[in-house]
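Have a look at run_14.pdb below; it lists PDB, C-alpha atoms.
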ATOM      1  CA  MET A   1     -86.774  53.813  75.004
ATOM      2  CA  THR A   2     -89.901  55.585  76.197
ATOM      3  CA  TYR A   3     -90.738  52.558  78.322
ATOM      4  CA  TYR A   4     -87.506  52.893  80.302
ATOM      5  CA  ARG A   5     -87.845  56.639  80.627
ATOM      6  CA  ILE A   6     -91.343  56.246  82.044
ATOM      7  CA  GLN A   7     -89.967  53.895  84.652
ATOM      8  CA  ALA A   8     -87.186  56.357  85.481
ATOM      9  CA  ALA A   9     -89.688  59.190  85.921
ATOM     10  CA  VAL A  10     -91.868  57.097  88.216
ATOM     11  CA  ARG A  11     -88.822  56.041  90.253
ATOM     12  CA  ARG A  12     -87.760  59.672  90.539
ATOM     13  CA  VAL A  13     -91.098  60.638  92.097
ATOM     14  CA  ALA A  14     -91.175  57.521  94.254
ATOM     15  CA  GLY A  15     -87.717  58.277  95.557
ATOM     16  CA  THR A  16     -86.475  54.919  94.363
ATOM     17  CA  GLY A  17     -84.187  56.153  91.602
ATOM     18  CA  THR A  18     -81.077  54.341  90.484
ATOM     19  CA  ALA A  19     -78.930  55.661  93.333
ATOM     20  CA  ALA A  20     -81.581  54.920  95.951
ATOM     21  CA  ALA A  21     -82.175  51.480  94.485
ATOM     22  CA  ALA A  22     -78.472  50.723  94.560
ATOM     23  CA  ALA A  23     -78.239  51.862  98.190
ATOM     24  CA  GLY A  24     -81.264  49.743  99.045
ATOM     25  CA  ALA A  25     -79.755  46.724  97.353
ATOM     26  CA  GLY A  26     -76.590  47.250  99.367
ATOM     27  CA  GLU A  27     -78.550  47.376 102.581
ATOM     28  CA  GLU A  28     -80.411  44.222 101.677
ATOM     29  CA  GLY A  29     -77.164  42.460 100.992
ATOM     30  CA  ALA A  30     -75.574  43.619 104.235
TER      31      ALA A  30
ATOM     32  CA  MET B   1    -130.539  64.572  76.148
ATOM     33  CA  SER B   2    -129.993  64.667  79.887
ATOM     34  CA  VAL B   3    -128.546  67.218  82.220
ATOM     35  CA  ILE B   4    -125.595  65.594  83.952
ATOM     36  CA  THR B   5    -123.381  67.142  86.607
ATOM     37  CA  LEU B   6    -119.791  66.041  86.743
ATOM     38  CA  LYS B   7    -117.071  66.989  89.178
ATOM     39  CA  VAL B   8    -114.042  67.648  87.016
ATOM     40  CA  ASN B   9    -110.717  68.688  88.514
ATOM     41  CA  GLY B  10    -112.514  69.763  91.659
ATOM     42  CA  THR B  11    -115.134  71.888  89.935
ATOM     43  CA  PRO B  12    -118.793  70.894  89.381
ATOM     44  CA  ARG B  13    -119.642  71.093  85.661
ATOM     45  CA  THR B  14    -123.093  70.620  84.165
ATOM     46  CA  VAL B  15    -123.590  69.334  80.638
ATOM     47  CA  ASP B  16    -126.626  68.496  78.534
ATOM     48  CA  VAL B  17    -125.761  65.361  76.582
ATOM     49  CA  GLU B  18    -126.999  61.925  75.629
ATOM     50  CA  PRO B  19    -126.319  59.752  78.698
ATOM     51  CA  SER B  20    -124.419  57.212  76.609
ATOM     52  CA  THR B  21    -122.026  59.806  75.192
ATOM     53  CA  PRO B  22    -118.468  58.713  75.933
ATOM     54  CA  LEU B  23    -116.941  60.770  78.715
ATOM     55  CA  LEU B  24    -114.005  61.632  76.457
ATOM     56  CA  TYR B  25    -116.258  63.512  74.033
ATOM     57  CA  VAL B  26    -117.823  65.519  76.838
ATOM     58  CA  LEU B  27    -114.467  66.404  78.354
ATOM     59  CA  ARG B  28    -112.975  67.507  75.050
ATOM     60  CA  ASN B  29    -115.936  68.919  73.147
ATOM     61  CA  ASP B  30    -118.177  70.297  75.881
ATOM     62  CA  LEU B  31    -115.703  71.182  78.600
ATOM     63  CA  GLY B  32    -112.723  72.087  76.439
ATOM     64  CA  LEU B  33    -110.259  69.826  78.221
ATOM     65  CA  GLN B  34    -107.687  68.707  75.684
ATOM     66  CA  GLY B  35    -105.500  66.577  77.976
ATOM     67  CA  PRO B  36    -107.314  63.313  77.277
ATOM     68  CA  ARG B  37    -106.837  62.358  73.617
ATOM     69  CA  PHE B  38    -108.813  60.317  71.150
ATOM     70  CA  GLY B  39    -106.604  57.407  70.179
ATOM     71  CA  CYS B  40    -108.202  54.104  69.278
ATOM     72  CA  GLY B  41    -111.727  54.798  70.528
ATOM     73  CA  LEU B  42    -111.844  51.214  71.788
ATOM     74  CA  GLY B  43    -110.484  51.579  75.302
ATOM     75  CA  GLN B  44    -107.230  49.904  74.392
ATOM     76  CA  CYS B  45    -104.500  52.446  73.731
ATOM     77  CA  GLY B  46    -104.950  54.589  76.851
ATOM     78  CA  ALA B  47    -104.558  58.011  75.233
ATOM     79  CA  CYS B  48    -107.969  58.979  76.640
ATOM     80  CA  THR B  49    -107.143  58.023  80.237
ATOM     81  CA  VAL B  50    -108.593  60.033  83.111
ATOM     82  CA  LEU B  51    -108.733  59.318  86.815
ATOM     83  CA  ILE B  52    -112.132  58.576  88.296
ATOM     84  CA  ASP B  53    -111.979  58.355  92.076
ATOM     85  CA  GLY B  54    -108.279  57.631  91.737
ATOM     86  CA  GLU B  55    -108.642  54.832  89.206
ATOM     87  CA  ALA B  56    -107.145  55.196  85.748
ATOM     88  CA  VAL B  57    -109.970  54.551  83.286
ATOM     89  CA  ARG B  58    -110.376  54.806  79.518
ATOM     90  CA  SER B  59    -112.792  57.666  78.993
ATOM     91  CA  CYS B  60    -113.514  56.826  75.345
ATOM     92  CA  VAL B  61    -115.575  53.807  76.378
ATOM     93  CA  ARG B  62    -117.048  55.169  79.606
ATOM     94  CA  PRO B  63    -120.633  56.489  79.283
ATOM     95  CA  THR B  64    -120.917  59.943  80.800
ATOM     96  CA  SER B  65    -123.969  58.961  82.827
ATOM     97  CA  SER B  66    -121.936  56.303  84.629
ATOM     98  CA  VAL B  67    -119.520  58.769  86.192
ATOM     99  CA  GLN B  68    -121.997  61.126  87.854
ATOM    100  CA  GLY B  69    -120.895  61.708  91.407
ATOM    101  CA  GLY B  70    -117.384  60.555  90.715
ATOM    102  CA  GLU B  71    -114.301  62.716  91.107
ATOM    103  CA  ILE B  72    -112.835  63.088  87.623
ATOM    104  CA  THR B  73    -109.250  64.219  87.236
ATOM    105  CA  THR B  74    -107.774  65.004  83.856
ATOM    106  CA  LEU B  75    -104.223  65.909  82.975
ATOM    107  CA  GLU B  76    -105.169  69.570  83.420
ATOM    108  CA  GLY B  77    -106.009  68.878  87.044
ATOM    109  CA  LEU B  78    -102.526  67.771  88.074
ATOM    110  CA  ALA B  79    -100.738  71.122  88.162
ATOM    111  CA  GLN B  80    -101.715  73.368  91.065
ATOM    112  CA  ASN B  81    -101.414  77.157  90.963
ATOM    113  CA  GLY B  82     -99.128  77.011  87.954
ATOM    114  CA  VAL B  83     -96.786  74.515  89.567
ATOM    115  CA  LEU B  84     -96.388  71.210  87.770
ATOM    116  CA  HIS B  85     -97.216  68.001  89.588
ATOM    117  CA  PRO B  86     -93.975  66.198  90.581
ATOM    118  CA  LEU B  87     -94.790  63.508  88.043
ATOM    119  CA  GLN B  88     -95.087  66.061  85.248
ATOM    120  CA  GLN B  89     -91.771  67.599  86.272
ATOM    121  CA  ALA B  90     -90.167  64.147  86.352
ATOM    122  CA  TRP B  91     -91.542  63.539  82.860
ATOM    123  CA  ILE B  92     -89.669  66.606  81.671
ATOM    124  CA  ASP B  93     -86.510  65.839  83.639
ATOM    125  CA  GLU B  94     -86.345  62.301  82.280
ATOM    126  CA  GLN B  95     -87.236  63.437  78.754
ATOM    127  CA  VAL B  96     -90.008  60.873  78.524
ATOM    128  CA  PRO B  97     -92.145  62.216  75.672
ATOM    129  CA  ALA B  98     -91.535  60.834  72.216
ATOM    130  CA  CYS B  99     -94.258  62.242  69.952
ATOM    131  CA  GLY B 100     -96.182  62.975  73.164
ATOM    132  CA  PHE B 101     -99.614  61.986  71.927
ATOM    133  CA  CYS B 102    -100.149  59.175  74.407
ATOM    134  CA  GLN B 103     -98.330  60.607  77.404
ATOM    135  CA  ASN B 104    -101.623  61.710  78.961
ATOM    136  CA  GLY B 105    -102.395  58.050  79.565
ATOM    137  CA  GLN B 106     -98.886  57.289  80.722
ATOM    138  CA  ILE B 107     -98.785  60.114  83.255
ATOM    139  CA  LEU B 108    -102.232  59.434  84.692
ATOM    140  CA  THR B 109    -101.602  55.698  84.896
ATOM    141  CA  ALA B 110     -98.377  56.420  86.757
ATOM    142  CA  LYS B 111    -100.205  58.836  89.053
ATOM    143  CA  ALA B 112    -102.826  56.220  89.888
ATOM    144  CA  LEU B 113    -100.032  53.796  90.721
ATOM    145  CA  LEU B 114     -98.159  56.261  92.942
ATOM    146  CA  ASP B 115    -101.321  57.407  94.706
ATOM    147  CA  LYS B 116    -102.011  53.820  95.727
ATOM    148  CA  ASN B 117     -98.394  52.859  96.316
ATOM    149  CA  PRO B 118     -96.038  55.833  96.859
ATOM    150  CA  HIS B 119     -92.934  53.642  96.761
ATOM    151  CA  PRO B 120     -93.511  50.896  94.205
ATOM    152  CA  SER B 121     -90.836  48.346  93.436
ATOM    153  CA  ASP B 122     -89.300  48.169  89.985
ATOM    154  CA  ALA B 123     -91.412  45.115  89.269
ATOM    155  CA  GLN B 124     -94.593  46.931  90.284
ATOM    156  CA  ILE B 125     -93.687  49.895  88.095
ATOM    157  CA  ARG B 126     -92.969  47.644  85.138
ATOM    158  CA  ARG B 127     -96.194  45.725  85.650
ATOM    159  CA  ALA B 128     -98.289  48.882  85.868
ATOM    160  CA  CYS B 129     -96.654  50.482  82.861
ATOM    161  CA  ARG B 130     -96.714  47.364  80.734
ATOM    162  CA  ALA B 131    -100.371  46.775  81.409
ATOM    163  CA  ARG B 132    -101.681  50.304  81.287
ATOM    164  CA  CYS B 133     -99.261  52.830  79.820
ATOM    165  CA  ALA B 134    -100.152  53.427  76.225
ATOM    166  CA  ALA B 135     -97.388  52.666  73.732
ATOM    167  CA  ALA B 136     -94.839  52.221  76.507
TER     168      ALA B 136
END
Structure rendered as structure tokens:
Amino acid sequence: MTYYRIQAAVRRVAGTGTAAAAAGAGEEGA
Amino acid sequence: MSVITLKVNGTPRTVDVEPSTPLLYVLRNDLGLQGPRFGCGLGQCGACTVLIDGEAVRSCVRPTSSVQGGEITTLEGLAQNGVLHPLQQAWIDEQVPACGFCQNGQILTAKALLDKNPHPSDAQIRRACRARCAAA
């Protein structure tokens, strides 16, 4: 569990959180 | 004993220690910095991690004499003027800590990653955390 939370915290600071990642994936697919 | 000057969290600090003394002992016992923890003492678990010139290193196996002239950053050096570093705030927001003992190494390893690569991919984050984040 901690492992995934660490990743989430890093993504939050990097600005590549779940929502941003999903948007990015959509752009890639477009 | 040798007089060694270290730059810790932006401040020059002078200590009189055996040159081979692990940096961790000097930080905790001589300089009173409790962010880096003693975990395994073998450079494996990462609880003792500090940043030296931006690199995450295990301070329990790093002789103090070898880091003269380097810029040492401990967990205490992340917050500025009472404001948490964004990574520390994210740690709280994401409720990362479990027992919390090893999170010093996790946070500083993540900081080293983000300093080098501000927008890492998921794969890069996983690789960095798997390899270097203690107990992650």
Next item on the list: Report the residues retrieved by the PyMOL selection byres ((chain B and resi 58-66) around 8) from the displayed file, expressed as a list of chain:residue names.
Entry: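 Checking the PyMOL selection byres ((chain B and resi 58-66) around 8) against this file, the residues are B:Ile4, B:Pro19, B:Ser20, B:Thr21, B:Pro22, B:Leu23, B:Leu24, B:Tyr25, B:Val26, B:Phe38, B:Gly41, B:Leu42, B:Gly43, B:Gln44, B:Gly46, B:Ala47, B:Cys48, B:Thr49, B:Val50, B:Ala56, B:Val57, B:Val67, B:Gln68.
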Check: How many Å separate atom CA of B:Gln124 from atom CA of B:Val83?
Finding: 27.7 Å
Next item on the list: Would you mind reading off the distance between atom CA of A:Ala9 and atom CA of B:Cys129, one decimal, in Å?
Entry: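 So the two atoms, atom CA of A:Ala9 and atom CA of B:Cys129, lie 11.6 Å apart.
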Contact table chain A vs chain B, cut-off 10 Å, shortest pair per residue, all atoms listed in the file, as a tab-separated table:
residue	atom	partner	partner_atom	distance
A:Met1	CA	B:Ala136	CA	8.4
A:Thr2	CA	B:Val96	CA	5.8
A:Tyr3	CA	B:Ala136	CA	4.5
A:Tyr4	CA	B:Ala136	CA	8.3
A:Arg5	CA	B:Val96	CA	5.2
A:Ile6	CA	B:Val96	CA	6.0
A:Gln7	CA	B:Ile125	CA	6.5
A:Ala8	CA	B:Glu94	CA	6.8
A:Ala9	CA	B:Ala90	CA	5.0
A:Val10	CA	B:Ala110	CA	6.7
A:Arg11	CA	B:Asp122	CA	7.9
A:Arg12	CA	B:Ala90	CA	6.6
A:Val13	CA	B:Leu87	CA	6.2
A:Ala14	CA	B:His119	CA	4.9
A:Gly15	CA	B:His119	CA	7.1
A:Thr16	CA	B:His119	CA	7.0
A:Gly17	CA	B:Asp122	CA	9.6
A:Ala21	CA	B:Asp122	CA	9.1
Next item on the list: Apply the PyMOL selection byres ((chain B and resi 15) around 8) to the structure shown and report the selected residues as a PyMOL selection string.
Entry: chain B and resi 2-6+13-14+16-17+26+30
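One finds atom CA of B:Ala112 at 28.6 Å from atom CA of B:Glu18.
The shortest atom-to-atom distance to B:Lys116, with only C-alpha atoms taken into account, belongs to B:Gly54 out of B:Gly39, B:Gly70, B:Gly32, B:Gly54.
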